[in-house]
Amino acid sequence: MFELQFFLIGIIQGATEFLPISSSGHLVLFAQLTNWEDQGLFTDIAVHFGTLFAVMIYLRKDIYYFLTNIFQFKIFEDQIIFKIILATLPAIILGYFIYDYVILYFRSIQLIALSSIIFAIILFIADKVKIESKSWNKITYLEALIVGLFQVLAFIPGASRAGVTITGARFLGYDRFNSARFSMILSIPVILASMTLSLIKIFEEDFIEVNFYQPFFASIVAFVTALLSILFLMRFIRQFDFNIFVIYRVLLGVFIILFGLI
């Protein structure tokens with residue numbers, strides 16, 4: 001049963017991290033439904049590493065381009081790296097100050113239910129914005145900042161980091177593919193920052209006892225699931241809109257509210 005817990009955590013984290021449906025909300029709901037022993041902070045880091053590795057594999061050409069620009073001192077040509085940094089800063093700065101507060105006080109299933117429904121409706125509205133022929137790597141500084149401010153909303157459990165960043169980009173007229181791709185680009189520094197904060201918390205502990213096998217197992221599952229999830233999403237949105245995710249999130253929110261009232 002305990003191994004099943006780590007398998008399911010890897011599945012949930014990997015499947016939901018890059019879809020606009022909230023990974024944190026699903027993990028909190030999973031914990032509420034099962035009442036299993038807490039998997040621990042090290043496992044949280046491990047599954048995030050799995051999803052990070054998955055998105056880096058998918059975006060390997062973009063990452064190679066970024067690194068080439070840095071080492072060849074070409075970062076001032078298209079300035080996309082600076083725009084990514086600008087879009088990341090609001091979440092990094094705010095996260096540093098409110099990380100502990102969010103973990104302690106913002107994990108009620110009622111809040112997750114309401115934010116799942118509310119942000120699903122906002123995504124639905126944003127997805128009706130007229131699509132313009134704009135590539136994510138041509139984003140302006142102002143647009144990058146706006147998407148970055150939307151990303152701050154991801155600290156509300158149930159809002160979905162992928163969901164709010166895609167919503168912000170869609171409001172700016174970017175098509176679904178470019179919105180999702182920029183969202184995944186922004187996930188890399190955010191996941192790295194989250195992992196760093198979690199590692200700091202671990203090293204602040206007086207006594208650390210870690211079973212490496214179970215987190216490693218969950219990390220592998222999260223990696224495979226996240227890569228499949230990314231491939232599914234990017235193919236799906238080339239043909240369809242985000243309505244299926246909107247409907248799912250509204251139904252999930254209603255279910256959580258009913259579950260919380262029992």
# chains A, B, ... in the order shown; residues from 1 in each chain; ligands from 1

call {"tool": "residues_around", "arguments": {"residues": "region 214-221 of chain A", "least_positions_apart": "3", "cutoff": "9 Å", "atoms": "only C-alpha atoms", "output": "JSON, numbers by chain"}}
result
{"A": [3, 5, 6, 7, 8, 9, 10, 11, 14, 39, 42, 43, 44, 45, 46, 47, 48, 49, 50, 51, 210, 211, 224, 225, 226]}

call {"tool": "select_by_dssp", "arguments": {"residues": "region 85-252 of chain A", "states": "alpha helix (DSSP H)", "output": "MDAnalysis selection string"}}
result
chainID A and resid 85:105 109:126 141:152 161:171 176:204 213:236 243:252

call {"tool": "write_last_selection", "arguments": {"atoms": "C-alpha atoms", "output": "short mmCIF file (atom, residue, chain, number, x, y, z; two decimals), in the first residue's frame"}}
result
data_model
loop_
_atom_site.label_atom_id
_atom_site.label_comp_id
_atom_site.auth_asym_id
_atom_site.auth_seq_id
_atom_site.Cartn_x
_atom_site.Cartn_y
_atom_site.Cartn_z
CA ILE A 85 13.69 36.43 -15.94
CA LEU A 86 11.27 39.36 -15.77
CA ALA A 87 8.28 37.01 -16.04
CA THR A 88 9.72 34.82 -13.29
CA LEU A 89 10.70 37.48 -10.77
CA PRO A 90 7.21 38.26 -9.35
CA ALA A 91 6.63 34.63 -8.37
CA ILE A 92 10.17 34.14 -7.04
CA ILE A 93 10.09 37.29 -4.91
CA LEU A 94 6.60 36.74 -3.54
CA GLY A 95 7.20 33.03 -3.05
CA TYR A 96 10.24 33.71 -0.89
CA PHE A 97 8.12 35.69 1.57
CA ILE A 98 4.86 33.71 1.59
CA TYR A 99 6.03 30.12 0.94
CA ASP A 100 5.59 28.97 4.55
CA TYR A 101 2.30 30.82 4.93
CA VAL A 102 0.83 29.16 1.84
CA ILE A 103 1.94 25.70 3.01
CA LEU A 104 0.40 26.21 6.45
CA TYR A 105 -2.83 28.09 5.76
CA ILE A 109 -10.16 21.76 0.10
CA GLN A 110 -12.91 24.40 0.09
CA LEU A 111 -10.43 27.03 -1.13
CA ILE A 112 -9.10 24.61 -3.74
CA ALA A 113 -12.65 23.94 -4.95
CA LEU A 114 -13.53 27.63 -5.29
CA SER A 115 -10.27 28.60 -7.00
CA SER A 116 -10.56 25.62 -9.36
CA ILE A 117 -13.98 26.82 -10.49
CA ILE A 118 -13.17 30.54 -10.58
CA PHE A 119 -9.91 30.21 -12.49
CA ALA A 120 -11.51 27.71 -14.86
CA ILE A 121 -14.10 30.33 -15.77
CA ILE A 122 -11.35 32.95 -16.26
CA LEU A 123 -9.46 30.53 -18.53
CA PHE A 124 -12.67 29.96 -20.50
CA ILE A 125 -13.07 33.72 -21.02
CA ALA A 126 -9.40 34.17 -21.95
CA TYR A 141 8.85 43.07 -21.82
CA LEU A 142 5.43 44.38 -20.82
CA GLU A 143 3.71 41.17 -21.94
CA ALA A 144 6.30 39.08 -20.08
CA LEU A 145 5.65 41.07 -16.91
CA ILE A 146 1.88 40.64 -17.28
CA VAL A 147 2.23 36.87 -17.64
CA GLY A 148 4.57 36.92 -14.65
CA LEU A 149 1.97 38.72 -12.56
CA PHE A 150 -0.59 36.12 -13.58
CA GLN A 151 1.85 33.44 -12.43
CA VAL A 152 1.74 34.91 -8.92
CA ARG A 161 0.43 27.58 -12.36
CA ALA A 162 0.06 26.30 -15.91
CA GLY A 163 -3.54 27.48 -15.98
CA VAL A 164 -2.90 31.07 -14.89
CA THR A 165 0.15 31.59 -17.12
CA ILE A 166 -1.71 30.18 -20.13
CA THR A 167 -4.66 32.42 -19.22
CA GLY A 168 -2.42 35.48 -19.09
CA ALA A 169 -0.85 34.70 -22.46
CA ARG A 170 -4.26 34.01 -24.06
CA PHE A 171 -5.57 37.38 -22.80
CA ARG A 176 -2.91 28.09 -27.40
CA PHE A 177 0.32 26.44 -28.53
CA ASN A 178 2.53 29.48 -27.85
CA SER A 179 0.73 30.18 -24.56
CA ALA A 180 1.34 26.64 -23.34
CA ARG A 181 4.95 26.63 -24.54
CA PHE A 182 5.78 29.89 -22.75
CA SER A 183 4.07 28.50 -19.65
CA MET A 184 6.37 25.48 -19.77
CA ILE A 185 9.43 27.70 -20.28
CA LEU A 186 8.47 29.63 -17.13
CA SER A 187 7.96 26.40 -15.19
CA ILE A 188 11.70 25.62 -15.24
CA PRO A 189 12.95 28.49 -13.01
CA VAL A 190 9.83 28.27 -10.82
CA ILE A 191 10.26 24.54 -10.18
CA LEU A 192 13.97 25.08 -9.52
CA ALA A 193 13.14 27.81 -7.00
CA SER A 194 10.53 25.63 -5.30
CA MET A 195 13.00 22.75 -5.06
CA THR A 196 15.65 25.07 -3.61
CA LEU A 197 13.30 26.37 -0.89
CA SER A 198 12.28 22.81 -0.03
CA LEU A 199 15.93 21.70 0.20
CA ILE A 200 16.66 24.60 2.53
CA LYS A 201 13.79 23.45 4.76
CA ILE A 202 15.21 19.94 4.83
CA PHE A 203 18.70 21.08 5.82
CA GLU A 204 17.22 23.26 8.55
CA TYR A 213 14.22 4.37 -2.91
CA GLN A 214 10.62 5.57 -2.57
CA PRO A 215 11.23 9.20 -3.66
CA PHE A 216 13.39 7.96 -6.55
CA PHE A 217 10.58 5.62 -7.60
CA ALA A 218 8.04 8.47 -7.43
CA SER A 219 10.42 10.71 -9.40
CA ILE A 220 10.72 8.21 -12.26
CA VAL A 221 6.95 7.81 -12.40
CA ALA A 222 6.50 11.60 -12.38
CA PHE A 223 9.05 12.00 -15.18
CA VAL A 224 7.40 9.47 -17.50
CA THR A 225 3.89 10.72 -16.75
CA ALA A 226 4.86 14.39 -17.15
CA LEU A 227 6.52 13.77 -20.51
CA LEU A 228 3.45 11.92 -21.79
CA SER A 229 1.22 14.67 -20.39
CA ILE A 230 3.22 17.38 -22.19
CA LEU A 231 3.11 15.50 -25.49
CA PHE A 232 -0.64 15.01 -25.10
CA LEU A 233 -1.29 18.67 -24.26
CA MET A 234 0.75 20.11 -27.13
CA ARG A 235 -0.92 17.84 -29.67
CA PHE A 236 -4.39 18.34 -28.22
CA ASN A 243 -12.95 23.72 -22.83
CA ILE A 244 -12.35 20.11 -21.74
CA PHE A 245 -10.02 21.33 -18.98
CA VAL A 246 -12.49 24.06 -17.98
CA ILE A 247 -15.32 21.53 -17.67
CA TYR A 248 -13.12 19.12 -15.73
CA ARG A 249 -12.05 21.83 -13.27
CA VAL A 250 -15.62 22.99 -12.65
CA LEU A 251 -16.77 19.41 -12.04
CA LEU A 252 -13.76 18.81 -9.79
#

call {"tool": "closest_residue", "arguments": {"among": "A:Ile84, A:Gly158, A:Tyr174, A:Tyr58", "to": "Ser23 (chain A)", "atoms": "only C-alpha atoms"}}
result
A:Gly158

call {"tool": "atom_distance", "arguments": {"atom1": "CA of Lys61 (chain A)", "atom2": "CA of Lys74 (chain A)"}}
result
16.4 Å
